[in-house]
file input.cif (mmCIF, N, CA and C atoms)
data_model
#
loop_
_atom_site.label_atom_id
_atom_site.label_comp_id
_atom_site.auth_asym_id
_atom_site.auth_seq_id
_atom_site.Cartn_x
_atom_site.Cartn_y
_atom_site.Cartn_z
N MET A 1 -15.55 -1.44 9.47
CA MET A 1 -15.21 -1.27 10.87
C MET A 1 -14.18 -0.15 11.08
N ASN A 2 -13.45 0.23 10.04
CA ASN A 2 -12.44 1.27 10.22
C ASN A 2 -13.05 2.63 10.51
N ALA A 3 -14.29 2.86 10.08
CA ALA A 3 -14.92 4.13 10.40
C ALA A 3 -15.12 4.26 11.90
N ILE A 4 -15.29 3.15 12.59
CA ILE A 4 -15.43 3.19 14.05
C ILE A 4 -14.12 3.65 14.69
N LEU A 5 -13.00 3.27 14.09
CA LEU A 5 -11.69 3.63 14.63
C LEU A 5 -11.28 5.05 14.26
N TYR A 6 -11.92 5.62 13.24
CA TYR A 6 -11.57 6.95 12.78
C TYR A 6 -11.83 7.98 13.87
N ASP A 7 -10.89 8.87 14.06
CA ASP A 7 -11.01 10.00 14.99
C ASP A 7 -11.16 9.57 16.44
N LEU A 8 -10.55 8.43 16.77
CA LEU A 8 -10.51 8.02 18.17
C LEU A 8 -9.61 8.97 18.95
N PRO A 9 -9.77 9.06 20.25
CA PRO A 9 -8.85 9.87 21.05
C PRO A 9 -7.42 9.35 20.93
N ASP A 10 -6.46 10.23 21.08
CA ASP A 10 -5.05 9.88 20.90
C ASP A 10 -4.60 8.74 21.80
N TYR A 11 -5.09 8.70 23.04
CA TYR A 11 -4.61 7.66 23.94
C TYR A 11 -5.03 6.26 23.45
N GLN A 12 -6.15 6.16 22.75
CA GLN A 12 -6.57 4.86 22.23
C GLN A 12 -5.79 4.49 20.96
N ILE A 13 -5.51 5.48 20.13
CA ILE A 13 -4.70 5.23 18.93
C ILE A 13 -3.29 4.82 19.35
N LYS A 14 -2.76 5.45 20.39
CA LYS A 14 -1.41 5.12 20.87
C LYS A 14 -1.33 3.68 21.35
N ARG A 15 -2.39 3.17 21.93
CA ARG A 15 -2.40 1.77 22.36
C ARG A 15 -2.29 0.84 21.15
N LEU A 16 -3.03 1.15 20.09
CA LEU A 16 -2.95 0.35 18.87
C LEU A 16 -1.58 0.50 18.20
N GLN A 17 -1.04 1.73 18.24
CA GLN A 17 0.27 1.98 17.63
C GLN A 17 1.36 1.22 18.38
N LYS A 18 1.23 1.07 19.67
CA LYS A 18 2.20 0.33 20.46
C LYS A 18 2.26 -1.14 20.02
N ILE A 19 1.10 -1.73 19.76
CA ILE A 19 1.05 -3.11 19.25
C ILE A 19 1.71 -3.18 17.88
N HIS A 20 1.43 -2.20 17.05
CA HIS A 20 2.01 -2.10 15.71
C HIS A 20 3.54 -2.02 15.79
N ASN A 21 4.03 -1.17 16.70
CA ASN A 21 5.47 -1.00 16.88
C ASN A 21 6.13 -2.28 17.40
N ASN A 22 5.48 -2.94 18.35
CA ASN A 22 6.02 -4.19 18.89
C ASN A 22 6.16 -5.25 17.80
N THR A 23 5.21 -5.29 16.91
CA THR A 23 5.29 -6.23 15.78
C THR A 23 6.48 -5.91 14.89
N ALA A 24 6.71 -4.63 14.62
CA ALA A 24 7.85 -4.23 13.79
C ALA A 24 9.16 -4.59 14.47
N TRP A 25 9.26 -4.36 15.79
CA TRP A 25 10.48 -4.72 16.53
C TRP A 25 10.71 -6.23 16.47
N LEU A 26 9.64 -6.99 16.58
CA LEU A 26 9.74 -8.45 16.54
C LEU A 26 10.21 -8.94 15.17
N ILE A 27 9.69 -8.35 14.12
CA ILE A 27 10.07 -8.75 12.75
C ILE A 27 11.54 -8.45 12.50
N HIS A 28 12.00 -7.28 12.93
CA HIS A 28 13.38 -6.87 12.67
C HIS A 28 14.37 -7.37 13.72
N LYS A 29 13.85 -7.91 14.79
CA LYS A 29 14.69 -8.45 15.87
C LYS A 29 15.72 -7.42 16.37
N VAL A 30 15.21 -6.25 16.69
CA VAL A 30 16.07 -5.19 17.22
C VAL A 30 15.66 -4.89 18.66
N ARG A 31 16.50 -4.14 19.35
CA ARG A 31 16.21 -3.77 20.74
C ARG A 31 15.06 -2.76 20.78
N ARG A 32 14.35 -2.77 21.87
CA ARG A 32 13.24 -1.83 22.03
C ARG A 32 13.74 -0.39 22.19
N SER A 33 14.99 -0.24 22.50
CA SER A 33 15.55 1.11 22.63
C SER A 33 15.85 1.73 21.27
N ASP A 34 15.87 0.92 20.21
CA ASP A 34 16.09 1.46 18.86
C ASP A 34 14.85 2.25 18.42
N HIS A 35 15.09 3.29 17.64
CA HIS A 35 13.99 4.10 17.15
C HIS A 35 13.12 3.29 16.20
N ILE A 36 11.82 3.47 16.31
CA ILE A 36 10.88 2.67 15.52
C ILE A 36 10.59 3.29 14.15
N THR A 37 10.69 4.60 14.01
CA THR A 37 10.33 5.26 12.75
C THR A 37 11.11 4.74 11.56
N PRO A 38 12.46 4.60 11.64
CA PRO A 38 13.17 4.05 10.49
C PRO A 38 12.75 2.61 10.15
N ILE A 39 12.41 1.86 11.18
CA ILE A 39 11.98 0.48 10.95
C ILE A 39 10.63 0.46 10.23
N LEU A 40 9.71 1.30 10.67
CA LEU A 40 8.40 1.38 10.02
C LEU A 40 8.52 1.87 8.58
N GLN A 41 9.44 2.81 8.35
CA GLN A 41 9.66 3.30 6.99
C GLN A 41 10.26 2.21 6.11
N GLU A 42 11.19 1.43 6.65
CA GLU A 42 11.79 0.35 5.88
C GLU A 42 10.76 -0.71 5.53
N LEU A 43 9.87 -1.01 6.47
CA LEU A 43 8.80 -1.97 6.21
C LEU A 43 7.70 -1.38 5.31
N HIS A 44 7.74 -0.07 5.14
CA HIS A 44 6.75 0.69 4.38
C HIS A 44 5.36 0.52 5.00
N TRP A 45 5.33 0.61 6.34
CA TRP A 45 4.08 0.52 7.09
C TRP A 45 3.61 1.92 7.45
N LEU A 46 2.34 2.14 7.25
CA LEU A 46 1.72 3.39 7.67
C LEU A 46 1.46 3.35 9.17
N PRO A 47 1.52 4.51 9.84
CA PRO A 47 1.08 4.54 11.24
C PRO A 47 -0.40 4.16 11.32
N VAL A 48 -0.84 3.74 12.48
CA VAL A 48 -2.20 3.23 12.65
C VAL A 48 -3.25 4.25 12.20
N SER A 49 -3.09 5.50 12.58
CA SER A 49 -4.09 6.51 12.20
C SER A 49 -4.17 6.67 10.68
N GLN A 50 -3.03 6.62 10.00
CA GLN A 50 -3.03 6.72 8.53
C GLN A 50 -3.58 5.45 7.90
N ARG A 51 -3.34 4.31 8.52
CA ARG A 51 -3.87 3.04 8.01
C ARG A 51 -5.39 3.02 8.07
N ILE A 52 -5.96 3.60 9.11
CA ILE A 52 -7.41 3.70 9.24
C ILE A 52 -7.96 4.57 8.11
N VAL A 53 -7.32 5.70 7.85
CA VAL A 53 -7.73 6.60 6.77
C VAL A 53 -7.61 5.88 5.42
N PHE A 54 -6.52 5.13 5.23
CA PHE A 54 -6.33 4.38 3.98
C PHE A 54 -7.50 3.43 3.74
N LYS A 55 -7.87 2.67 4.76
CA LYS A 55 -8.95 1.68 4.62
C LYS A 55 -10.28 2.36 4.32
N ILE A 56 -10.57 3.47 4.98
CA ILE A 56 -11.82 4.18 4.72
C ILE A 56 -11.86 4.70 3.29
N LEU A 57 -10.76 5.32 2.85
CA LEU A 57 -10.72 5.87 1.50
C LEU A 57 -10.77 4.78 0.43
N LEU A 58 -10.21 3.62 0.72
CA LEU A 58 -10.30 2.50 -0.20
C LEU A 58 -11.75 2.05 -0.36
N LEU A 59 -12.48 2.01 0.75
CA LEU A 59 -13.91 1.66 0.67
C LEU A 59 -14.71 2.73 -0.08
N VAL A 60 -14.35 3.99 0.10
CA VAL A 60 -15.03 5.06 -0.64
C VAL A 60 -14.77 4.89 -2.13
N TYR A 61 -13.52 4.64 -2.51
CA TYR A 61 -13.18 4.45 -3.92
C TYR A 61 -13.95 3.28 -4.51
N LYS A 62 -13.94 2.16 -3.80
CA LYS A 62 -14.65 0.97 -4.29
C LYS A 62 -16.14 1.25 -4.42
N SER A 63 -16.70 1.93 -3.44
CA SER A 63 -18.14 2.20 -3.45
C SER A 63 -18.54 3.15 -4.57
N THR A 64 -17.72 4.14 -4.83
CA THR A 64 -18.05 5.10 -5.89
C THR A 64 -17.80 4.53 -7.28
N ASN A 65 -17.01 3.46 -7.37
CA ASN A 65 -16.74 2.83 -8.66
C ASN A 65 -17.44 1.48 -8.81
N HIS A 66 -18.49 1.27 -8.02
CA HIS A 66 -19.35 0.09 -8.10
C HIS A 66 -18.61 -1.22 -7.85
N ASN A 67 -17.57 -1.18 -7.02
CA ASN A 67 -16.85 -2.39 -6.63
C ASN A 67 -17.05 -2.73 -5.16
N GLY A 68 -17.70 -1.85 -4.44
CA GLY A 68 -17.88 -2.04 -3.00
C GLY A 68 -19.29 -2.52 -2.69
N PRO A 69 -19.54 -2.76 -1.43
CA PRO A 69 -20.88 -3.19 -1.01
C PRO A 69 -21.92 -2.11 -1.31
N SER A 70 -23.10 -2.54 -1.74
CA SER A 70 -24.15 -1.59 -2.12
C SER A 70 -24.64 -0.78 -0.91
N TYR A 71 -24.61 -1.38 0.28
CA TYR A 71 -25.08 -0.64 1.45
C TYR A 71 -24.15 0.53 1.79
N LEU A 72 -22.87 0.44 1.40
CA LEU A 72 -21.97 1.57 1.59
C LEU A 72 -22.13 2.58 0.46
N ALA A 73 -22.33 2.08 -0.75
CA ALA A 73 -22.52 2.97 -1.89
C ALA A 73 -23.76 3.84 -1.71
N ASP A 74 -24.77 3.31 -1.02
CA ASP A 74 -25.99 4.07 -0.77
C ASP A 74 -25.76 5.25 0.16
N LEU A 75 -24.69 5.22 0.92
CA LEU A 75 -24.37 6.30 1.85
C LEU A 75 -23.61 7.45 1.19
N LEU A 76 -23.09 7.21 -0.02
CA LEU A 76 -22.27 8.20 -0.72
C LEU A 76 -23.02 8.74 -1.93
N HIS A 77 -23.05 10.06 -2.04
CA HIS A 77 -23.76 10.70 -3.15
C HIS A 77 -22.83 11.72 -3.81
N PRO A 78 -22.72 11.68 -5.14
CA PRO A 78 -21.86 12.66 -5.83
C PRO A 78 -22.38 14.08 -5.65
N TYR A 79 -21.45 14.99 -5.47
CA TYR A 79 -21.80 16.40 -5.33
C TYR A 79 -22.14 16.96 -6.69
N GLN A 80 -23.31 17.58 -6.80
CA GLN A 80 -23.73 18.17 -8.07
C GLN A 80 -24.23 19.59 -7.81
N GLN A 81 -23.64 20.52 -8.52
CA GLN A 81 -24.08 21.91 -8.42
C GLN A 81 -25.21 22.09 -9.42
N GLU A 82 -26.33 22.59 -8.98
CA GLU A 82 -27.52 22.63 -9.83
C GLU A 82 -27.61 23.87 -10.71
N HIS A 83 -27.24 25.02 -10.19
CA HIS A 83 -27.53 26.25 -10.92
C HIS A 83 -26.36 26.82 -11.70
N TYR A 84 -25.16 26.64 -11.21
CA TYR A 84 -24.01 27.27 -11.84
C TYR A 84 -22.95 26.23 -12.14
N TYR A 85 -22.16 26.50 -13.14
CA TYR A 85 -21.02 25.65 -13.43
C TYR A 85 -19.83 26.19 -12.65
N LEU A 86 -19.33 25.38 -11.71
CA LEU A 86 -18.20 25.79 -10.90
C LEU A 86 -17.03 24.82 -11.13
N ARG A 87 -15.84 25.26 -10.72
CA ARG A 87 -14.69 24.37 -10.82
C ARG A 87 -14.88 23.11 -10.00
N SER A 88 -15.61 23.20 -8.89
CA SER A 88 -15.82 22.04 -8.03
C SER A 88 -16.67 20.96 -8.69
N THR A 89 -17.34 21.29 -9.80
CA THR A 89 -18.17 20.32 -10.50
C THR A 89 -17.34 19.16 -11.02
N ASN A 90 -16.12 19.41 -11.46
CA ASN A 90 -15.26 18.37 -12.04
C ASN A 90 -14.28 17.78 -11.03
N GLN A 91 -14.50 17.98 -9.76
CA GLN A 91 -13.56 17.54 -8.74
C GLN A 91 -13.86 16.16 -8.18
N LYS A 92 -14.91 15.50 -8.65
CA LYS A 92 -15.31 14.17 -8.17
C LYS A 92 -15.53 14.19 -6.64
N LEU A 93 -16.26 15.20 -6.18
CA LEU A 93 -16.53 15.34 -4.76
C LEU A 93 -17.80 14.59 -4.37
N LEU A 94 -17.96 14.37 -3.09
CA LEU A 94 -19.14 13.72 -2.56
C LEU A 94 -19.86 14.67 -1.61
N VAL A 95 -21.16 14.48 -1.47
CA VAL A 95 -21.95 15.31 -0.57
C VAL A 95 -21.54 14.99 0.86
N GLU A 96 -21.22 16.04 1.61
CA GLU A 96 -20.84 15.87 3.01
C GLU A 96 -22.07 16.06 3.89
N THR A 97 -22.34 15.07 4.72
CA THR A 97 -23.49 15.10 5.61
C THR A 97 -23.13 15.84 6.88
N ARG A 98 -24.00 16.70 7.32
CA ARG A 98 -23.79 17.41 8.60
C ARG A 98 -24.37 16.57 9.72
N THR A 99 -23.65 16.58 10.85
CA THR A 99 -24.10 15.81 11.99
C THR A 99 -24.05 16.65 13.25
N ASN A 100 -24.66 16.13 14.27
CA ASN A 100 -24.55 16.72 15.59
C ASN A 100 -23.12 16.46 16.06
N LYS A 101 -22.44 17.47 16.56
CA LYS A 101 -21.03 17.31 16.93
C LYS A 101 -20.80 16.31 18.05
N SER A 102 -21.81 16.00 18.84
CA SER A 102 -21.60 15.08 19.94
C SER A 102 -21.60 13.62 19.50
N TYR A 103 -22.11 13.35 18.31
CA TYR A 103 -22.08 11.98 17.80
C TYR A 103 -22.24 12.00 16.28
N GLY A 104 -21.89 10.93 15.64
CA GLY A 104 -22.13 10.78 14.22
C GLY A 104 -20.98 11.14 13.30
N ASP A 105 -19.96 11.85 13.78
CA ASP A 105 -18.86 12.26 12.90
C ASP A 105 -18.01 11.09 12.44
N ARG A 106 -18.06 9.98 13.17
CA ARG A 106 -17.23 8.83 12.82
C ARG A 106 -17.97 7.83 11.94
N ALA A 107 -19.20 8.10 11.56
CA ALA A 107 -19.95 7.22 10.67
C ALA A 107 -19.34 7.26 9.27
N PHE A 108 -19.40 6.14 8.57
CA PHE A 108 -18.80 6.06 7.24
C PHE A 108 -19.37 7.10 6.29
N GLY A 109 -20.68 7.31 6.33
CA GLY A 109 -21.31 8.28 5.44
C GLY A 109 -20.91 9.71 5.71
N VAL A 110 -20.28 9.96 6.85
CA VAL A 110 -19.83 11.31 7.21
C VAL A 110 -18.32 11.45 7.00
N CYS A 111 -17.55 10.52 7.57
CA CYS A 111 -16.09 10.65 7.48
C CYS A 111 -15.57 10.31 6.08
N GLY A 112 -16.25 9.41 5.36
CA GLY A 112 -15.81 9.05 4.01
C GLY A 112 -15.75 10.24 3.07
N PRO A 113 -16.86 10.97 2.88
CA PRO A 113 -16.82 12.15 1.99
C PRO A 113 -15.86 13.23 2.48
N LYS A 114 -15.74 13.39 3.80
CA LYS A 114 -14.82 14.40 4.34
C LYS A 114 -13.38 14.07 3.98
N LEU A 115 -12.97 12.81 4.18
CA LEU A 115 -11.61 12.41 3.84
C LEU A 115 -11.40 12.43 2.33
N TRP A 116 -12.42 12.06 1.57
CA TRP A 116 -12.33 12.05 0.10
C TRP A 116 -12.06 13.45 -0.42
N LYS A 117 -12.71 14.44 0.18
CA LYS A 117 -12.54 15.84 -0.24
C LYS A 117 -11.11 16.32 0.00
N GLU A 118 -10.45 15.78 1.03
CA GLU A 118 -9.10 16.20 1.36
C GLU A 118 -8.04 15.61 0.44
N LEU A 119 -8.41 14.61 -0.35
CA LEU A 119 -7.45 13.99 -1.27
C LEU A 119 -7.18 14.89 -2.46
N PRO A 120 -5.95 14.86 -2.97
CA PRO A 120 -5.69 15.58 -4.22
C PRO A 120 -6.50 14.96 -5.38
N LEU A 121 -6.83 15.77 -6.36
CA LEU A 121 -7.66 15.33 -7.47
C LEU A 121 -7.03 14.16 -8.24
N TYR A 122 -5.71 14.17 -8.41
CA TYR A 122 -5.08 13.10 -9.19
C TYR A 122 -5.27 11.72 -8.54
N ILE A 123 -5.46 11.69 -7.24
CA ILE A 123 -5.72 10.41 -6.57
C ILE A 123 -7.19 10.02 -6.75
N ARG A 124 -8.09 10.97 -6.61
CA ARG A 124 -9.52 10.68 -6.78
C ARG A 124 -9.84 10.22 -8.19
N GLU A 125 -9.03 10.63 -9.18
CA GLU A 125 -9.31 10.31 -10.57
C GLU A 125 -8.61 9.03 -11.05
N CYS A 126 -7.99 8.28 -10.18
CA CYS A 126 -7.30 7.05 -10.60
C CYS A 126 -8.26 6.11 -11.30
N ASN A 127 -7.76 5.45 -12.36
CA ASN A 127 -8.61 4.59 -13.19
C ASN A 127 -8.76 3.17 -12.67
N SER A 128 -7.78 2.69 -11.93
CA SER A 128 -7.87 1.31 -11.43
C SER A 128 -7.62 1.29 -9.93
N ILE A 129 -8.08 0.24 -9.32
CA ILE A 129 -7.95 0.11 -7.87
C ILE A 129 -6.49 -0.06 -7.46
N ASP A 130 -5.70 -0.75 -8.28
CA ASP A 130 -4.28 -0.94 -7.96
C ASP A 130 -3.53 0.38 -7.97
N ILE A 131 -3.80 1.21 -8.97
CA ILE A 131 -3.15 2.52 -9.05
C ILE A 131 -3.61 3.40 -7.89
N PHE A 132 -4.91 3.34 -7.58
CA PHE A 132 -5.44 4.12 -6.47
C PHE A 132 -4.76 3.74 -5.16
N LYS A 133 -4.66 2.45 -4.88
CA LYS A 133 -4.04 1.99 -3.63
C LYS A 133 -2.59 2.43 -3.54
N LYS A 134 -1.87 2.31 -4.64
CA LYS A 134 -0.45 2.67 -4.64
C LYS A 134 -0.26 4.18 -4.42
N THR A 135 -1.02 4.99 -5.15
CA THR A 135 -0.85 6.44 -5.02
C THR A 135 -1.36 6.94 -3.67
N LEU A 136 -2.43 6.34 -3.17
CA LEU A 136 -2.95 6.74 -1.86
C LEU A 136 -1.97 6.39 -0.75
N LYS A 137 -1.41 5.19 -0.80
CA LYS A 137 -0.46 4.80 0.23
C LYS A 137 0.78 5.69 0.19
N THR A 138 1.27 6.00 -1.00
CA THR A 138 2.42 6.89 -1.13
C THR A 138 2.09 8.27 -0.58
N HIS A 139 0.91 8.77 -0.89
CA HIS A 139 0.48 10.08 -0.39
C HIS A 139 0.43 10.09 1.13
N LEU A 140 -0.21 9.10 1.73
CA LEU A 140 -0.32 9.03 3.20
C LEU A 140 1.04 8.79 3.85
N PHE A 141 1.89 8.01 3.19
CA PHE A 141 3.23 7.74 3.70
C PHE A 141 4.04 9.03 3.77
N ARG A 142 3.95 9.85 2.74
CA ARG A 142 4.66 11.13 2.72
C ARG A 142 4.15 12.07 3.81
N ILE A 143 2.85 12.07 4.02
CA ILE A 143 2.28 12.91 5.08
C ILE A 143 2.75 12.42 6.45
N ALA A 144 2.70 11.11 6.67
CA ALA A 144 3.02 10.55 7.97
C ALA A 144 4.48 10.76 8.36
N TYR A 145 5.37 10.62 7.39
CA TYR A 145 6.81 10.67 7.71
C TYR A 145 7.48 11.94 7.18
N ASN A 146 6.69 12.93 6.76
CA ASN A 146 7.20 14.22 6.30
C ASN A 146 8.28 14.06 5.24
N ILE A 147 7.98 13.26 4.25
CA ILE A 147 8.95 13.01 3.17
C ILE A 147 8.64 13.91 2.00
#

call {"tool": "encode", "arguments": {"input": "input.cif", "output": "structure tokens"}}
result
Amino acid sequence: MNAILYDLPDYQIKRLQKIHNNTAWLIHKVRRSDHITPILQELHWLPVSQRIVFKILLLVYKSTNHNGPSYLADLLHPYQQEHYYLRSTNQKLLVETRTNKSYGDRAFGVCGPKLWKELPLYIRECNSIDIFKKTLKTHLFRIAYNI
């Protein structure tokens, strides 16, 4: 279901983020006038948009390593260069499907490979799901909070 939430318009993401922020204020029992970013960082919570990306990439990892649902794994195909040996051959990339720009970009089979390609190689090459989740969350956390 996170692929449906991927690339939503900002005003819809902000509505979800507001609920997320209210929960953080409630947990910490602070005034609403206090800044939320330090609270979210202390809780080690990703912003909603990054959390959506995290969930999609986790499903991609599971699907490519035969731990995810087979119907999702069928949507992902490893990128293979047929004629020449290129550096991209060892990058663990997936085939990116082209879609009509008016629809289809938020489908798992489209956004999954796109987001996977944007990950650094050391994250794509993680050997276990626990290490993958930890390094991915740290990576997204650094991007979200400019750390």

call {"tool": "atom_distance", "arguments": {"input": "input.cif", "atom1": "atom N of Lys14 (chain A)", "atom2": "atom C of Asn100 (chain A)"}}
result
23.5 Å

call {"tool": "resolve_selection", "arguments": {"input": "input.cif", "expression": "the PyMOL selection byres ((chain A and resi 112) around 8)", "output": "ChimeraX atom specification"}}
result
/A:3,56-57,59-60,76,94-96,105-111,113-118

call {"tool": "residues_around", "arguments": {"input": "input.cif", "residues": "Leu16 (chain A)", "least_positions_apart": "4", "cutoff": "7 Å", "atoms": "only C-alpha atoms", "output": "list in words"}}
result
Gln12, His20 and Val48 of chain A

call {"tool": "resolve_selection", "arguments": {"input": "input.cif", "expression": "the PyMOL selection byres (((chain A and resi 6 and name CA) around 8) and name CA)", "output": "PyMOL selection string"}}
result
chain A and resi 2-5+7-8+49+52-53+106+111

call {"tool": "write_last_selection", "arguments": {"input": "input.cif", "atoms": "N, CA and C atoms", "output": "mmCIF file, in the coordinates of the input"}}
result
data_model
loop_
_atom_site.group_PDB
_atom_site.id
_atom_site.type_symbol
_atom_site.label_atom_id
_atom_site.label_comp_id
_atom_site.auth_asym_id
_atom_site.auth_seq_id
_atom_site.Cartn_x
_atom_site.Cartn_y
_atom_site.Cartn_z
ATOM 1 N N ASN A 2 -13.450 0.230 10.040
ATOM 2 C CA ASN A 2 -12.440 1.270 10.220
ATOM 3 C C ASN A 2 -13.050 2.630 10.510
ATOM 4 N N ALA A 3 -14.290 2.860 10.080
ATOM 5 C CA ALA A 3 -14.920 4.130 10.400
ATOM 6 C C ALA A 3 -15.120 4.260 11.900
ATOM 7 N N ILE A 4 -15.290 3.150 12.590
ATOM 8 C CA ILE A 4 -15.430 3.190 14.050
ATOM 9 C C ILE A 4 -14.120 3.650 14.690
ATOM 10 N N LEU A 5 -13.000 3.270 14.090
ATOM 11 C CA LEU A 5 -11.690 3.630 14.630
ATOM 12 C C LEU A 5 -11.280 5.050 14.260
ATOM 13 N N ASP A 7 -10.890 8.870 14.060
ATOM 14 C CA ASP A 7 -11.010 10.000 14.990
ATOM 15 C C ASP A 7 -11.160 9.570 16.440
ATOM 16 N N LEU A 8 -10.550 8.430 16.770
ATOM 17 C CA LEU A 8 -10.510 8.020 18.170
ATOM 18 C C LEU A 8 -9.610 8.970 18.950
ATOM 19 N N SER A 49 -3.090 5.500 12.580
ATOM 20 C CA SER A 49 -4.090 6.510 12.200
ATOM 21 C C SER A 49 -4.170 6.670 10.680
ATOM 22 N N ILE A 52 -5.960 3.600 9.110
ATOM 23 C CA ILE A 52 -7.410 3.700 9.240
ATOM 24 C C ILE A 52 -7.960 4.570 8.110
ATOM 25 N N VAL A 53 -7.320 5.700 7.850
ATOM 26 C CA VAL A 53 -7.730 6.600 6.770
ATOM 27 C C VAL A 53 -7.610 5.880 5.420
ATOM 28 N N ARG A 106 -18.060 9.980 13.170
ATOM 29 C CA ARG A 106 -17.230 8.830 12.820
ATOM 30 C C ARG A 106 -17.970 7.830 11.940
ATOM 31 N N CYS A 111 -17.550 10.520 7.570
ATOM 32 C CA CYS A 111 -16.090 10.650 7.480
ATOM 33 C C CYS A 111 -15.570 10.310 6.080
#

call {"tool": "axis_aligned_box", "arguments": {"input": "input.cif", "around": "region 101-118 of chain A", "padding_each_side": "6 Å", "output": "JSON"}}
result
{"center_x": -15.2, "center_y": 11.8, "center_z": 9.8, "size_x": 26.4, "size_y": 23.4, "size_z": 32.4}
